[in-house]
Amino acid sequence: MEAMEAVELRAALVRLRRGSGLPVVFGGLFRDGGPRLRIAELHGAVTPALRGLVISTGSGLGGKCLALGRPCAVTDYPAARHITHEYDVPVSAEGLRSVVAVPVVVRRQVRGVLYGALRNALPLGERVLDAAVAAARDVEQALAVRDEAARLVEPPAGTEPSWEEVRQAYGELRALAPRVVDPALRARLLAVCGRLETAAGVPVAVADVRLTPRETDVLAAVASGATNAAAGRRLGLSPETVKGYLRSAMRKLGAHTRLEAVVSARRAGLLP
């Protein structure tokens with residue numbers, strides 16, 4: 001697993017453990033498009049039984065989760081009838097009973113799975129499931145940003161994206177960058193944004209027009225065609241907060257509409 005992916009996975013599992021109260025969390029991502037997944041990160045484990053365990057699609061709870069592309073859970077793993085039991089020995093060695101598995105899905109492709117578990121055979125409530133799904137979404141966003149950054153840095157041979165595609169990609173990267181946990185990856189994304197601005201021949205920002213980072217993020221989202229609600233979801237803001245940043249940016253730019261604000265910001269060199 002690449003270092004940046006490992007950092008994001010580790011951070012998501014830490015948040016899952018804190019948010020759910022589950023004593024044991026673990027997970028892994030597919031490597032190099034291979035058919036099997038290896039458990040690479042564990043928190044709360046008391047034995048090494050699960051570390052490095054290879055999960056095949058369709059096998060066990062995690063394998064079922066990978067095959068279906070949706071969350072799966074069992075209240076008593078050893079006695080569960082709706083999963084296969086290839087992994088009973090390591091699961092029992094760790095003493096796990098109630099287990100939830102949530103897939104990491106990026107552009108409809110399953111890229112990994114996160115697990116949370118209890119050592120008692122107790123039902124896992126909605127709070128636990130919600131925390132597991134939220135943690136998986138964090139990893140999905142990080143992987144999507146990484147994929148987009150790689151695509152922009154090394155586009156397919158013989159292809160040349162239109163400037164509108166570049167602007168849309170810029171808006172998505174600017175919106176997602178503040179939510180990336182790993183500082184090295186976040187810095188790389190911002191550097192890619194800088195390269196996009198240079199490639200587009202964007203002039204240096206006009207001295208008397210200065211937008212805050214959040215105002216720039218909101219305008220970048222709007223420029224990509226996002227509604228206030230969609231921009232809020234990207235940036236982790238409420239629609240009303242997005243409106244506030246947008247109104248502030250429009251006032252600074254002397255614009256009366258969202259479109260005018262985007263056009264003015266591009267002319268001022270604040271957006272590509």
# chains A, B, ... in the order shown; residues from 1 in each chain; ligands from 1

$ select_by_dssp --residues "region 47-166 of chain A" --states "strand (DSSP E or B)" --output "PyMOL selection string"
chain A and resi 54-56+72-74+99-106+109-117

$ atom_distance --atom1 "CA of Asp76 (chain A)" --atom2 "CA of Val99 (chain A)"
7.7 Å

$ atom_distance --atom1 "CA of Gly95 (chain A)" --atom2 "CA of Glu5 (chain A)"
28.0 Å

$ residues_around --residues "region 35-46 of chain A" --least-positions-apart "3" --cutoff "6 Å" --atoms "only C-alpha atoms" --output "list in words"
Pro23, Val24, Val25, Phe26, Gly27, Gly28, Leu29, Phe30, Arg51, Gly52, Leu53, Val54, Ile55 and Ser56 of chain A

$ closest_residue --among "A:Arg214, A:Arg70, A:Arg267, A:Arg146" --to "Gly236 (chain A)" --atoms "only C-alpha atoms"
A:Arg214

$ residues_around --residues "Ala230 (chain A)" --least-positions-apart "4" --cutoff "12 Å" --atoms "only C-alpha atoms" --output "MDAnalysis selection string"
chainID A and resid 172 175 218 221:222 224:226 234:240 242:243

$ residues_around --residues "Tyr77 (chain A)" --least-positions-apart "2" --cutoff "12 Å" --atoms "only C-alpha atoms" --output "short mmCIF file (atom, residue, chain, number, x, y, z; two decimals) with N, CA, C and O atoms, in the first residue's frame"
data_model
loop_
_atom_site.label_atom_id
_atom_site.label_comp_id
_atom_site.auth_asym_id
_atom_site.auth_seq_id
_atom_site.Cartn_x
_atom_site.Cartn_y
_atom_site.Cartn_z
N GLY A 60 -15.95 -14.99 3.59
CA GLY A 60 -16.11 -14.35 4.88
C GLY A 60 -16.98 -13.11 4.81
O GLY A 60 -17.58 -12.80 3.78
N LEU A 61 -17.05 -12.39 5.92
CA LEU A 61 -17.87 -11.18 5.96
C LEU A 61 -17.31 -10.10 5.05
O LEU A 61 -18.04 -9.48 4.27
N GLY A 62 -15.99 -9.86 5.15
CA GLY A 62 -15.38 -8.85 4.30
C GLY A 62 -15.49 -9.18 2.83
O GLY A 62 -15.73 -8.31 2.00
N CYS A 72 -22.06 -4.89 5.37
CA CYS A 72 -22.56 -6.18 5.86
C CYS A 72 -22.18 -6.31 7.33
O CYS A 72 -21.15 -5.78 7.76
N ALA A 73 -23.01 -7.00 8.10
CA ALA A 73 -22.72 -7.16 9.53
C ALA A 73 -23.25 -8.50 10.02
O ALA A 73 -24.20 -9.05 9.46
N VAL A 74 -22.62 -9.01 11.07
CA VAL A 74 -23.08 -10.22 11.75
C VAL A 74 -23.03 -9.96 13.25
O VAL A 74 -22.16 -9.23 13.74
N THR A 75 -23.98 -10.55 13.97
CA THR A 75 -24.02 -10.38 15.42
C THR A 75 -23.12 -11.39 16.12
O THR A 75 -22.56 -11.10 17.18
N ALA A 79 -21.08 -18.16 14.41
CA ALA A 79 -22.35 -18.86 14.17
C ALA A 79 -23.12 -18.31 12.98
O ALA A 79 -24.20 -18.83 12.66
N ALA A 80 -22.60 -17.29 12.31
CA ALA A 80 -23.33 -16.66 11.21
C ALA A 80 -23.54 -17.63 10.06
O ALA A 80 -22.61 -18.31 9.62
N ARG A 81 -24.76 -17.69 9.55
CA ARG A 81 -25.10 -18.63 8.49
C ARG A 81 -25.02 -18.02 7.09
O ARG A 81 -25.07 -18.76 6.10
N HIS A 82 -24.94 -16.72 6.99
CA HIS A 82 -25.01 -16.07 5.69
C HIS A 82 -23.65 -15.65 5.16
O HIS A 82 -23.57 -14.87 4.20
N ILE A 83 -22.60 -16.16 5.76
CA ILE A 83 -21.25 -15.92 5.25
C ILE A 83 -20.49 -17.24 5.23
O ILE A 83 -20.88 -18.21 5.90
N THR A 84 -19.41 -17.29 4.46
CA THR A 84 -18.55 -18.47 4.49
C THR A 84 -17.57 -18.31 5.67
O THR A 84 -17.45 -17.23 6.25
N HIS A 85 -16.88 -19.37 6.01
CA HIS A 85 -16.12 -19.35 7.27
C HIS A 85 -14.65 -19.70 7.08
O HIS A 85 -14.04 -20.34 7.94
N GLU A 86 -14.05 -19.23 5.99
CA GLU A 86 -12.63 -19.46 5.77
C GLU A 86 -11.75 -18.79 6.82
O GLU A 86 -10.62 -19.23 7.07
N TYR A 87 -12.24 -17.72 7.44
CA TYR A 87 -11.41 -16.93 8.34
C TYR A 87 -11.78 -17.10 9.81
O TYR A 87 -11.42 -16.27 10.65
N ASP A 88 -12.48 -18.16 10.14
CA ASP A 88 -12.90 -18.38 11.53
C ASP A 88 -11.72 -18.47 12.49
O ASP A 88 -11.81 -18.00 13.63
N VAL A 89 -10.63 -19.08 12.06
CA VAL A 89 -9.50 -19.27 12.98
C VAL A 89 -8.90 -17.94 13.42
O VAL A 89 -8.79 -17.67 14.62
N PRO A 90 -8.50 -17.03 12.50
CA PRO A 90 -7.96 -15.75 12.96
C PRO A 90 -8.99 -14.88 13.67
O PRO A 90 -8.66 -14.17 14.63
N VAL A 91 -10.25 -14.93 13.23
CA VAL A 91 -11.29 -14.14 13.88
C VAL A 91 -11.49 -14.62 15.31
O VAL A 91 -11.59 -13.82 16.26
N SER A 92 -11.53 -15.93 15.51
CA SER A 92 -11.69 -16.49 16.86
C SER A 92 -10.46 -16.24 17.71
O SER A 92 -10.57 -16.02 18.93
N GLU A 94 -8.66 -13.64 17.73
CA GLU A 94 -8.77 -12.28 18.22
C GLU A 94 -9.98 -12.12 19.13
O GLU A 94 -10.13 -11.10 19.80
N GLY A 95 -10.86 -13.14 19.16
CA GLY A 95 -12.02 -13.10 20.04
C GLY A 95 -13.15 -12.23 19.55
O GLY A 95 -13.95 -11.73 20.36
N LEU A 96 -13.28 -12.04 18.24
CA LEU A 96 -14.31 -11.16 17.70
C LEU A 96 -15.63 -11.91 17.53
O LEU A 96 -15.65 -13.06 17.10
N ARG A 97 -16.73 -11.21 17.82
CA ARG A 97 -18.06 -11.81 17.68
C ARG A 97 -18.93 -10.95 16.75
O ARG A 97 -19.24 -11.36 15.64
N SER A 98 -19.31 -9.78 17.20
CA SER A 98 -20.09 -8.88 16.33
C SER A 98 -19.15 -8.07 15.45
O SER A 98 -18.24 -7.42 15.95
N VAL A 99 -19.40 -8.13 14.14
CA VAL A 99 -18.49 -7.48 13.19
C VAL A 99 -19.29 -6.76 12.10
O VAL A 99 -20.30 -7.29 11.62
N VAL A 100 -18.85 -5.58 11.72
CA VAL A 100 -19.42 -4.86 10.59
C VAL A 100 -18.31 -4.62 9.57
O VAL A 100 -17.17 -4.37 9.95
N ALA A 101 -18.65 -4.72 8.30
CA ALA A 101 -17.70 -4.46 7.22
C ALA A 101 -18.35 -3.49 6.24
O ALA A 101 -19.50 -3.68 5.85
N ALA A 117 -15.43 -4.12 15.18
CA ALA A 117 -15.87 -5.35 15.84
C ALA A 117 -15.95 -5.22 17.36
O ALA A 117 -15.25 -4.41 17.98
N LEU A 118 -16.83 -6.04 17.93
CA LEU A 118 -16.95 -6.23 19.38
C LEU A 118 -16.50 -7.65 19.73
O LEU A 118 -16.57 -8.55 18.90
N ARG A 119 -16.12 -7.83 20.97
CA ARG A 119 -15.76 -9.17 21.44
C ARG A 119 -16.94 -9.83 22.14
O ARG A 119 -16.79 -10.88 22.78
N ASN A 120 -18.12 -9.21 22.01
CA ASN A 120 -19.36 -9.78 22.53
C ASN A 120 -20.37 -9.93 21.40
O ASN A 120 -20.32 -9.16 20.43
N ALA A 121 -21.26 -10.91 21.52
CA ALA A 121 -22.29 -11.11 20.50
C ALA A 121 -23.47 -10.19 20.78
O ALA A 121 -24.50 -10.61 21.32
N LEU A 122 -23.32 -8.91 20.40
CA LEU A 122 -24.34 -7.90 20.63
C LEU A 122 -24.71 -7.22 19.32
O LEU A 122 -23.85 -7.06 18.45
N PRO A 123 -25.96 -6.80 19.16
CA PRO A 123 -26.35 -6.09 17.94
C PRO A 123 -25.57 -4.79 17.81
O PRO A 123 -25.32 -4.09 18.79
#

$ atom_distance --atom1 "CA of Met250 (chain A)" --atom2 "CA of Ala229 (chain A)"
17.9 Å

$ residues_around --residues "Ser248 (chain A)" --least-positions-apart "6" --cutoff "12 Å" --atoms "only C-alpha atoms" --output "VMD selection string"
chain A and resid 209 to 212 214 to 216 218 to 219 241 to 242 254 to 258 261

$ write_last_selection --atoms "N, CA and C atoms" --output "short mmCIF file (atom, residue, chain, number, x, y, z; two decimals), in the first residue's frame"
data_model
loop_
_atom_site.label_atom_id
_atom_site.label_comp_id
_atom_site.auth_asym_id
_atom_site.auth_seq_id
_atom_site.Cartn_x
_atom_site.Cartn_y
_atom_site.Cartn_z
N VAL A 209 -8.26 42.91 -5.26
CA VAL A 209 -9.29 41.89 -5.09
C VAL A 209 -8.65 40.69 -4.41
N ARG A 210 -9.04 40.46 -3.17
CA ARG A 210 -8.48 39.34 -2.42
C ARG A 210 -9.61 38.51 -1.85
N LEU A 211 -9.63 37.25 -2.20
CA LEU A 211 -10.63 36.33 -1.67
C LEU A 211 -9.99 35.46 -0.61
N THR A 212 -10.80 35.09 0.38
CA THR A 212 -10.31 34.15 1.38
C THR A 212 -10.25 32.76 0.76
N ARG A 214 -11.72 30.06 1.67
CA ARG A 214 -13.06 29.47 1.59
C ARG A 214 -13.88 30.11 0.47
N GLU A 215 -13.75 31.41 0.28
CA GLU A 215 -14.45 32.07 -0.83
C GLU A 215 -13.97 31.52 -2.16
N THR A 216 -12.66 31.28 -2.25
CA THR A 216 -12.11 30.69 -3.48
C THR A 216 -12.63 29.28 -3.68
N VAL A 218 -15.46 28.00 -2.62
CA VAL A 218 -16.87 28.06 -3.01
C VAL A 218 -17.00 28.47 -4.47
N LEU A 219 -16.24 29.49 -4.91
CA LEU A 219 -16.31 29.91 -6.31
C LEU A 219 -15.83 28.81 -7.25
N THR A 241 -24.08 28.59 4.78
CA THR A 241 -22.71 29.08 4.88
C THR A 241 -22.10 29.29 3.51
N VAL A 242 -22.40 28.37 2.58
CA VAL A 242 -21.93 28.52 1.20
C VAL A 242 -22.48 29.82 0.61
N GLY A 254 -17.68 42.74 -7.30
CA GLY A 254 -18.62 43.63 -7.95
C GLY A 254 -19.57 42.89 -8.87
N ALA A 255 -19.87 41.66 -8.55
CA ALA A 255 -20.73 40.82 -9.40
C ALA A 255 -22.15 40.77 -8.82
N HIS A 256 -23.12 40.61 -9.73
CA HIS A 256 -24.52 40.54 -9.31
C HIS A 256 -25.09 39.13 -9.42
N THR A 257 -24.40 38.24 -10.10
CA THR A 257 -24.84 36.86 -10.25
C THR A 257 -23.67 35.92 -10.01
N ARG A 258 -24.00 34.65 -9.81
CA ARG A 258 -22.97 33.64 -9.61
C ARG A 258 -22.04 33.57 -10.83
N ALA A 261 -19.66 36.39 -10.99
CA ALA A 261 -18.60 36.23 -9.99
C ALA A 261 -17.51 35.30 -10.50
#
